[in-house]
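Take a look at the structure below.
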Amino acid sequence: MSSSDISPGQAIPSTPEDVPGGRKSASSHILGTGAGMIQSFKPINNFQQHVCTWAIFSHDMKRQIETHHYCSRLNEDFLQCLVYDTDRADGRLIGVEYIISERLFLGLPDEEKKLWHSHFYEIKNGLWVNPGVPEIVQKLELKQLANTYGKFWCTWQFDRGDRLPLGPPALMMSPQAQAPGQIRPELIKERDEKYHISTSEKAESRKDIQGPELIHPLSDLWKTTGKGWAVDLKEVDMILRAGTPLADMDRNTNVDTTEDSKGDESRL
Amino acid sequence: MQRDETDRAIRERESASSARMATAVGPGPIRGPDDVPGEPTKTMTMLKERGASVMQSLKPISRIHQHLCAFHFYAYDMRRQVEAHHYCTHYNEDVHQCAIFDSDKENARLIGVEYIVTEKLFKSLPDEEKKLWHSHEYEVKSGVLFLPGIPQPIEHSEMKMLAKTYGKVFHFWQFDRGDSLPLGPPQLMMALTADGQLQQELAADVEKRYDVSFAEKRKNREDLEGPEGGVHSLSNSWTSGKGLASAIRPVESCEGVFQSVHL
């Protein structure tokens, strides 16, 4: 069985240089550039907002990674983000995060809420930044984003040594005031030096940012349970019939995240 | 006491949510992108974001250079097939990384991620890992995988390479079962391996919209070959009769550092 919390790797973080593979040939480059000029990239054109922050593996909260989100807003309540491990051209695509307003979050089934995390702490404390954007401009949108919740699946656990994406995606959590949600100072220092910014100064300037009246107790659930979530891929009988109208489909709509599920077999 | 007030406040707020919020979960008709719940983006929000984005460099995003259209089905249920729009970066000569969307429109939903590797790299994966991957030979040779807008000769060249690769794809948003938001665990997806699997209405719809003929592409790609060593027996694992479905499991995650907070 393949699981997000089991690694065949060496546990030494891998870097972009560790991704196996040859350098792109000249013809690859030409084909790539050519295609780029002829095709339209409407969905991608909207990914205009770069956010740098940290995320923590929900199944092992000692593992913290710096993340680079590139976000696209679908409407006033919803953003979708492609997440990379750096903002350089050799950035590896390491996952996807969805960001929703408090309003949308409250409408989720309770079992679903348990997979989400809040953003208030990391925004208020200057961890979440838009590199290159003056703080005064960042703050305009941060006031709104401070009330959002996120769901982040990490598809490439490069920090545990994976040179290629292995296993199922892992659920991520966000920085929080409570240990082990606090980001290690040396990571913050490194990030600050890279961008010539001061996280603590940003925290100071963001003192007036208000968060939700109440952070929902089902988000950041590890704070009350000390537990995170691992994803398992289990063998089940394959349904092969094709051509069946969707209306006849047997749909299993609910996520079973009850604590005592004992690795149940329900197909999610 | 405090917990009761908290619950009441939550209940009040939840009941005040609009009907659209309550229908975030299926079952129901397939939801289109216009069903993503939420208010339309305010002008002010857009201006703030545009203003900020002008100052940022978006290097990893600017490397996305290829749009590829294909079909995926759930790794445990072939009846559930979706059109998948890949926006890919050739990371290096042997690895591609793709963002998957449900359409090629501006309001397309980001539904998943696919990684594509050459045969050489696929063979180097642990056997347990190989089971999560699918081959591309059939999709390419049958013509159902294509690059919208790209002239046939250029597309052919790219297809020659793709036919020998393997892919691994997860979807996060089951819009096809009626979810108006991305719910539940990630879903492993698989790709077609033989004639008779692809739903004809789905195929016909794509052919019509892009003004392409899969049959014509199939003919044009007759000369292409799959992986040198043949399609690996551990890939397309569902063909053995066993699909792969996701389950979420609670795990201790805060060893040694946890301080429980009681509400």
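Letters A, B, ... go to the chains of the structure tokens in the order shown; residues in each chain start at 1; ligands are counted from 1 in the same order.
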Item checked: Residue list for chain A near chain B as JSON, numbers by chain, 6 Å, only C-alpha atoms -> {"A": [21, 22, 23, 24, 36, 39, 42, 43, 48, 49, 59, 60, 61, 75, 76, 77, 88, 89, 91, 106, 107, 132, 133, 180, 224, 226, 227, 228, 229, 230, 231, 232, 233, 234, 235, 236, 237, 238, 239, 240, 241, 242, 243, 255, 263, 267, 268]}
Using only N, CA and C atoms, please write the residues we just selected to a file, as a compact mmCIF listing (two decimals), in the first residue's frame.
# COMPACT_ATOMS: atom_id res chain seq x y z
N GLY A 21 17.57 13.59 -14.86
CA GLY A 21 17.14 13.91 -16.21
C GLY A 21 18.18 14.73 -16.93
N GLY A 22 18.13 14.66 -18.26
CA GLY A 22 19.11 15.37 -19.06
C GLY A 22 18.75 16.82 -19.26
N ARG A 23 19.75 17.60 -19.65
CA ARG A 23 19.49 18.99 -19.97
C ARG A 23 18.68 19.02 -21.25
N LYS A 24 17.85 20.02 -21.35
CA LYS A 24 16.98 20.07 -22.51
C LYS A 24 17.80 20.28 -23.77
N GLY A 36 4.73 27.59 -27.22
CA GLY A 36 4.32 28.66 -26.31
C GLY A 36 3.77 29.86 -27.05
N GLN A 39 -0.07 28.58 -28.84
CA GLN A 39 -1.21 28.18 -28.03
C GLN A 39 -1.65 29.30 -27.09
N LYS A 42 -5.04 30.68 -21.36
CA LYS A 42 -5.97 31.47 -20.55
C LYS A 42 -6.00 31.09 -19.06
N PRO A 43 -6.10 29.82 -18.72
CA PRO A 43 -6.17 29.51 -17.27
C PRO A 43 -4.90 29.97 -16.55
N GLN A 48 -1.20 35.29 -11.16
CA GLN A 48 -0.37 36.49 -11.16
C GLN A 48 0.15 36.87 -9.79
N GLN A 49 -0.35 36.24 -8.75
CA GLN A 49 0.03 36.68 -7.41
C GLN A 49 1.01 35.71 -6.78
N HIS A 59 1.24 15.27 8.76
CA HIS A 59 1.50 13.96 9.37
C HIS A 59 2.83 13.96 10.13
N ASP A 60 3.63 15.02 9.98
CA ASP A 60 4.90 15.12 10.70
C ASP A 60 5.25 16.59 10.81
N MET A 61 4.84 17.17 11.94
CA MET A 61 4.93 18.62 12.02
C MET A 61 6.32 19.14 12.34
N ASN A 75 -13.08 34.06 -7.92
CA ASN A 75 -14.13 35.02 -7.56
C ASN A 75 -13.75 35.62 -6.21
N GLU A 76 -14.60 36.45 -5.68
CA GLU A 76 -14.26 37.18 -4.46
C GLU A 76 -13.97 36.25 -3.28
N ASP A 77 -14.48 35.02 -3.34
CA ASP A 77 -14.34 34.10 -2.21
C ASP A 77 -13.37 32.94 -2.45
N ARG A 88 12.46 30.52 -8.38
CA ARG A 88 13.40 30.58 -9.50
C ARG A 88 12.82 29.81 -10.67
N ALA A 89 13.49 29.94 -11.82
CA ALA A 89 13.01 29.24 -13.02
C ALA A 89 13.03 27.72 -12.82
N GLY A 91 12.06 26.10 -10.31
CA GLY A 91 11.11 25.73 -9.27
C GLY A 91 10.40 24.43 -9.61
N LEU A 106 -17.35 28.05 6.24
CA LEU A 106 -18.40 27.68 7.19
C LEU A 106 -19.45 26.79 6.54
N GLY A 107 -19.59 26.86 5.24
CA GLY A 107 -20.56 26.05 4.53
C GLY A 107 -20.10 24.62 4.25
N GLY A 132 8.62 41.51 -3.53
CA GLY A 132 8.67 42.52 -4.57
C GLY A 132 7.58 43.57 -4.47
N VAL A 133 6.60 43.32 -3.63
CA VAL A 133 5.49 44.27 -3.52
C VAL A 133 5.65 45.09 -2.23
N PRO A 180 3.69 22.61 17.60
CA PRO A 180 4.84 22.84 16.71
C PRO A 180 4.52 23.67 15.47
N THR A 224 -5.87 20.66 18.73
CA THR A 224 -6.63 20.04 19.82
C THR A 224 -6.39 18.54 19.90
N GLY A 226 -3.47 16.82 18.39
CA GLY A 226 -2.09 16.38 18.28
C GLY A 226 -1.89 15.43 17.10
N LYS A 227 -2.89 15.35 16.22
CA LYS A 227 -2.80 14.42 15.10
C LYS A 227 -2.97 15.13 13.77
N GLY A 228 -2.35 14.55 12.76
CA GLY A 228 -2.53 15.05 11.40
C GLY A 228 -3.18 13.96 10.57
N TRP A 229 -3.09 14.11 9.25
CA TRP A 229 -3.74 13.17 8.36
C TRP A 229 -2.74 12.61 7.34
N ALA A 230 -2.77 11.29 7.18
CA ALA A 230 -1.98 10.67 6.13
C ALA A 230 -2.95 10.15 5.07
N VAL A 231 -2.48 10.06 3.83
CA VAL A 231 -3.31 9.56 2.74
C VAL A 231 -2.79 8.18 2.35
N ASP A 232 -3.69 7.22 2.30
CA ASP A 232 -3.33 5.87 1.85
C ASP A 232 -4.01 5.59 0.52
N LEU A 233 -3.32 4.86 -0.33
CA LEU A 233 -3.95 4.37 -1.56
C LEU A 233 -4.14 2.89 -1.37
N LYS A 234 -5.39 2.45 -1.39
CA LYS A 234 -5.68 1.04 -1.11
C LYS A 234 -6.25 0.36 -2.34
N GLU A 235 -5.93 -0.93 -2.43
CA GLU A 235 -6.47 -1.71 -3.56
C GLU A 235 -7.94 -2.00 -3.34
N VAL A 236 -8.73 -1.76 -4.38
CA VAL A 236 -10.17 -2.07 -4.35
C VAL A 236 -10.51 -2.71 -5.69
N ASP A 237 -11.66 -3.32 -5.78
CA ASP A 237 -12.06 -3.90 -7.06
C ASP A 237 -12.26 -2.78 -8.07
N MET A 238 -11.68 -2.96 -9.24
CA MET A 238 -11.79 -1.93 -10.28
C MET A 238 -13.14 -2.03 -10.97
N ILE A 239 -13.80 -0.89 -11.14
CA ILE A 239 -15.06 -0.88 -11.88
C ILE A 239 -14.73 -0.55 -13.32
N LEU A 240 -15.06 -1.47 -14.20
CA LEU A 240 -14.59 -1.32 -15.58
C LEU A 240 -15.63 -0.82 -16.56
N ARG A 241 -16.89 -0.91 -16.21
CA ARG A 241 -17.91 -0.59 -17.20
C ARG A 241 -17.80 0.83 -17.71
N ALA A 242 -17.65 0.98 -18.98
CA ALA A 242 -17.60 2.32 -19.55
C ALA A 242 -18.91 2.61 -20.25
N GLY A 243 -19.16 3.86 -20.53
CA GLY A 243 -20.35 4.21 -21.29
C GLY A 243 -21.61 4.29 -20.47
N VAL A 255 -16.34 12.30 3.07
CA VAL A 255 -15.02 11.95 3.58
C VAL A 255 -15.21 11.41 4.97
N GLY A 263 -8.58 3.11 9.75
CA GLY A 263 -8.19 2.80 8.39
C GLY A 263 -9.30 2.09 7.64
N ARG A 267 -14.48 3.81 0.07
CA ARG A 267 -13.86 4.48 -1.06
C ARG A 267 -14.23 5.95 -1.00
N LEU A 268 -13.25 6.80 -0.93
CA LEU A 268 -13.53 8.22 -0.70
C LEU A 268 -13.52 9.02 -1.99
Notebook entry, point to check: DSSP on the backbone: what in stretch 15-222 of chain A comes out strand (DSSP E), as a PyMOL selection string?
Noted result: chain A and resi 49-57+64-75+78-84+93-100+117-118+149-154+170-173
Notebook entry, point to check: Skipping near chain neighbours, those fewer than 5 positions away, what residues fall within 8 Å of A:Leu218 using only C-alpha atoms, listed as a list of chain:residue names?
Noted result: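 So, after excluding close chain neighbours, the residues are A:Asp110, A:Lys113, A:Lys114.
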Notebook entry, point to check: For A:Leu104, which residue out of A:Asn130, A:Ser198, A:Thr148, A:Thr86 is the nearest one, using only C-alpha atoms?
Noted result: A:Thr148
Note to self: Residues of stretch 94-158 of chain B classed as alpha helix (DSSP H) by DSSP on the backbone are to be reported as a list in words.
What the structure shows: Glu119, Lys120, Leu121, Phe122, Lys123, Asp127, Glu128, Glu129, Lys130, Glu137, Tyr138, Glu139, Val140, Lys141, Ser142, Gln152, Pro153, Ile154, Glu155, His156, Ser157 and Glu158 of chain B
Would you mind exporting the chosen residues as a PDB file, in the first residue's frame, restricted to N, CA and C atoms?
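This went into selection-v5.pdb:
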ATOM      1  N   GLU B 119      10.920   6.781 -19.985  1.00  0.00           N
ATOM      2  CA  GLU B 119      10.989   5.362 -19.614  1.00  0.00           C
ATOM      3  C   GLU B 119      12.158   5.096 -18.673  1.00  0.00           C
ATOM      4  N   LYS B 120      13.276   5.722 -18.970  1.00  0.00           N
ATOM      5  CA  LYS B 120      14.492   5.535 -18.167  1.00  0.00           C
ATOM      6  C   LYS B 120      14.228   5.858 -16.696  1.00  0.00           C
ATOM      7  N   LEU B 121      13.587   7.010 -16.438  1.00  0.00           N
ATOM      8  CA  LEU B 121      13.323   7.395 -15.061  1.00  0.00           C
ATOM      9  C   LEU B 121      12.243   6.525 -14.437  1.00  0.00           C
ATOM     10  N   PHE B 122      11.257   6.154 -15.238  1.00  0.00           N
ATOM     11  CA  PHE B 122      10.176   5.308 -14.706  1.00  0.00           C
ATOM     12  C   PHE B 122      10.749   4.008 -14.168  1.00  0.00           C
ATOM     13  N   LYS B 123      11.675   3.437 -14.921  1.00  0.00           N
ATOM     14  CA  LYS B 123      12.262   2.151 -14.513  1.00  0.00           C
ATOM     15  C   LYS B 123      13.011   2.273 -13.200  1.00  0.00           C
ATOM     16  N   ASP B 127       9.180  -0.366  -7.139  1.00  0.00           N
ATOM     17  CA  ASP B 127       8.044  -1.092  -7.718  1.00  0.00           C
ATOM     18  C   ASP B 127       6.694  -0.624  -7.154  1.00  0.00           C
ATOM     19  N   GLU B 128       6.642  -0.373  -5.851  1.00  0.00           N
ATOM     20  CA  GLU B 128       5.380   0.093  -5.241  1.00  0.00           C
ATOM     21  C   GLU B 128       4.936   1.413  -5.872  1.00  0.00           C
ATOM     22  N   GLU B 129       5.894   2.230  -6.209  1.00  0.00           N
ATOM     23  CA  GLU B 129       5.606   3.532  -6.811  1.00  0.00           C
ATOM     24  C   GLU B 129       5.126   3.368  -8.251  1.00  0.00           C
ATOM     25  N   LYS B 130       5.711   2.420  -8.970  1.00  0.00           N
ATOM     26  CA  LYS B 130       5.345   2.228 -10.389  1.00  0.00           C
ATOM     27  C   LYS B 130       3.839   2.007 -10.532  1.00  0.00           C
ATOM     28  N   GLU B 137       1.374   5.425 -24.202  1.00  0.00           N
ATOM     29  CA  GLU B 137       1.434   4.916 -25.572  1.00  0.00           C
ATOM     30  C   GLU B 137       0.071   4.902 -26.263  1.00  0.00           C
ATOM     31  N   TYR B 138      -0.931   4.329 -25.609  1.00  0.00           N
ATOM     32  CA  TYR B 138      -2.240   4.210 -26.273  1.00  0.00           C
ATOM     33  C   TYR B 138      -2.867   5.577 -26.559  1.00  0.00           C
ATOM     34  N   GLU B 139      -2.865   6.437 -25.564  1.00  0.00           N
ATOM     35  CA  GLU B 139      -3.489   7.755 -25.741  1.00  0.00           C
ATOM     36  C   GLU B 139      -2.882   8.496 -26.927  1.00  0.00           C
ATOM     37  N   VAL B 140      -1.550   8.383 -27.042  1.00  0.00           N
ATOM     38  CA  VAL B 140      -0.848   9.098 -28.103  1.00  0.00           C
ATOM     39  C   VAL B 140      -1.164   8.457 -29.453  1.00  0.00           C
ATOM     40  N   LYS B 141      -1.008   7.135 -29.526  1.00  0.00           N
ATOM     41  CA  LYS B 141      -1.194   6.457 -30.808  1.00  0.00           C
ATOM     42  C   LYS B 141      -2.638   6.486 -31.293  1.00  0.00           C
ATOM     43  N   SER B 142      -3.587   6.531 -30.372  1.00  0.00           N
ATOM     44  CA  SER B 142      -4.998   6.539 -30.786  1.00  0.00           C
ATOM     45  C   SER B 142      -5.447   7.933 -31.205  1.00  0.00           C
ATOM     46  N   GLN B 152       0.050  19.809 -37.124  1.00  0.00           N
ATOM     47  CA  GLN B 152       0.308  18.369 -37.057  1.00  0.00           C
ATOM     48  C   GLN B 152       1.787  17.966 -37.072  1.00  0.00           C
ATOM     49  N   PRO B 153       2.609  18.505 -37.979  1.00  0.00           N
ATOM     50  CA  PRO B 153       4.011  18.060 -38.018  1.00  0.00           C
ATOM     51  C   PRO B 153       4.757  18.342 -36.707  1.00  0.00           C
ATOM     52  N   ILE B 154       4.473  19.503 -36.101  1.00  0.00           N
ATOM     53  CA  ILE B 154       5.148  19.843 -34.843  1.00  0.00           C
ATOM     54  C   ILE B 154       4.597  18.946 -33.739  1.00  0.00           C
ATOM     55  N   GLU B 155       3.288  18.758 -33.748  1.00  0.00           N
ATOM     56  CA  GLU B 155       2.640  17.912 -32.745  1.00  0.00           C
ATOM     57  C   GLU B 155       3.203  16.492 -32.840  1.00  0.00           C
ATOM     58  N   HIS B 156       3.395  16.024 -34.057  1.00  0.00           N
ATOM     59  CA  HIS B 156       3.889  14.663 -34.285  1.00  0.00           C
ATOM     60  C   HIS B 156       5.224  14.441 -33.597  1.00  0.00           C
ATOM     61  N   SER B 157       6.075  15.443 -33.696  1.00  0.00           N
ATOM     62  CA  SER B 157       7.398  15.366 -33.103  1.00  0.00           C
ATOM     63  C   SER B 157       7.303  15.223 -31.580  1.00  0.00           C
ATOM     64  N   GLU B 158       6.423  15.988 -30.993  1.00  0.00           N
ATOM     65  CA  GLU B 158       6.238  15.929 -29.546  1.00  0.00           C
ATOM     66  C   GLU B 158       5.620  14.582 -29.147  1.00  0.00           C
TER      67      GLU B 158
END
Checklist line | Residue neighbourhood A:Ile65, 7 Å, only C-alpha atoms, exclusion window fewer than 3 positions, as a VMD selection string | finding: chain A and resid 54 to 56
Expected file contents, prior selection, C-alpha atoms, as a PDB file, in the first residue's frame:
ATOM      1  CA  TRP A  54       5.747  28.301   5.027  1.00  0.00           C
ATOM      2  CA  ALA A  55       3.803  25.081   5.260  1.00  0.00           C
ATOM      3  CA  ILE A  56       4.107  22.160   7.666  1.00  0.00           C
TER       4      ILE A  56
END
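Counting from atom CA of A:Arg63, the distance to atom CA of A:Ile99 is 21.8 Å.
Between atom CA of A:Lys143 and atom CA of A:Arg73 the separation is 15.8 Å.
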Checklist line | Residue neighbourhood A:Pro131, 8 Å, only C-alpha atoms, exclusion window fewer than 3 positions, as a list in words | finding: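 Counting only C-alpha atoms, the residues come to His50, Val51, Cys52 and Tyr195 of chain A; Gln56 of chain B.
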Write a file of the just-selected residues containing N, CA and C atoms, as a PDB file, in the first residue's frame.
ATOM      1  N   HIS A  50       2.221  36.181  -6.465  1.00  0.00           N
ATOM      2  CA  HIS A  50       3.246  35.337  -5.854  1.00  0.00           C
ATOM      3  C   HIS A  50       3.257  35.565  -4.349  1.00  0.00           C
ATOM      4  N   VAL A  51       3.046  34.497  -3.609  1.00  0.00           N
ATOM      5  CA  VAL A  51       3.071  34.558  -2.145  1.00  0.00           C
ATOM      6  C   VAL A  51       4.172  33.638  -1.653  1.00  0.00           C
ATOM      7  N   CYS A  52       4.976  34.130  -0.716  1.00  0.00           N
ATOM      8  CA  CYS A  52       5.994  33.276  -0.098  1.00  0.00           C
ATOM      9  C   CYS A  52       5.627  33.099   1.362  1.00  0.00           C
ATOM     10  N   TYR A 195      15.298  38.052   0.484  1.00  0.00           N
ATOM     11  CA  TYR A 195      14.453  39.091  -0.109  1.00  0.00           C
ATOM     12  C   TYR A 195      14.718  40.488   0.452  1.00  0.00           C
TER      13      TYR A 195
ATOM     14  N   GLN B  56       5.896  41.784  -9.568  1.00  0.00           N
ATOM     15  CA  GLN B  56       6.487  40.497  -9.225  1.00  0.00           C
ATOM     16  C   GLN B  56       6.988  39.753 -10.447  1.00  0.00           C
TER      17      GLN B  56
END
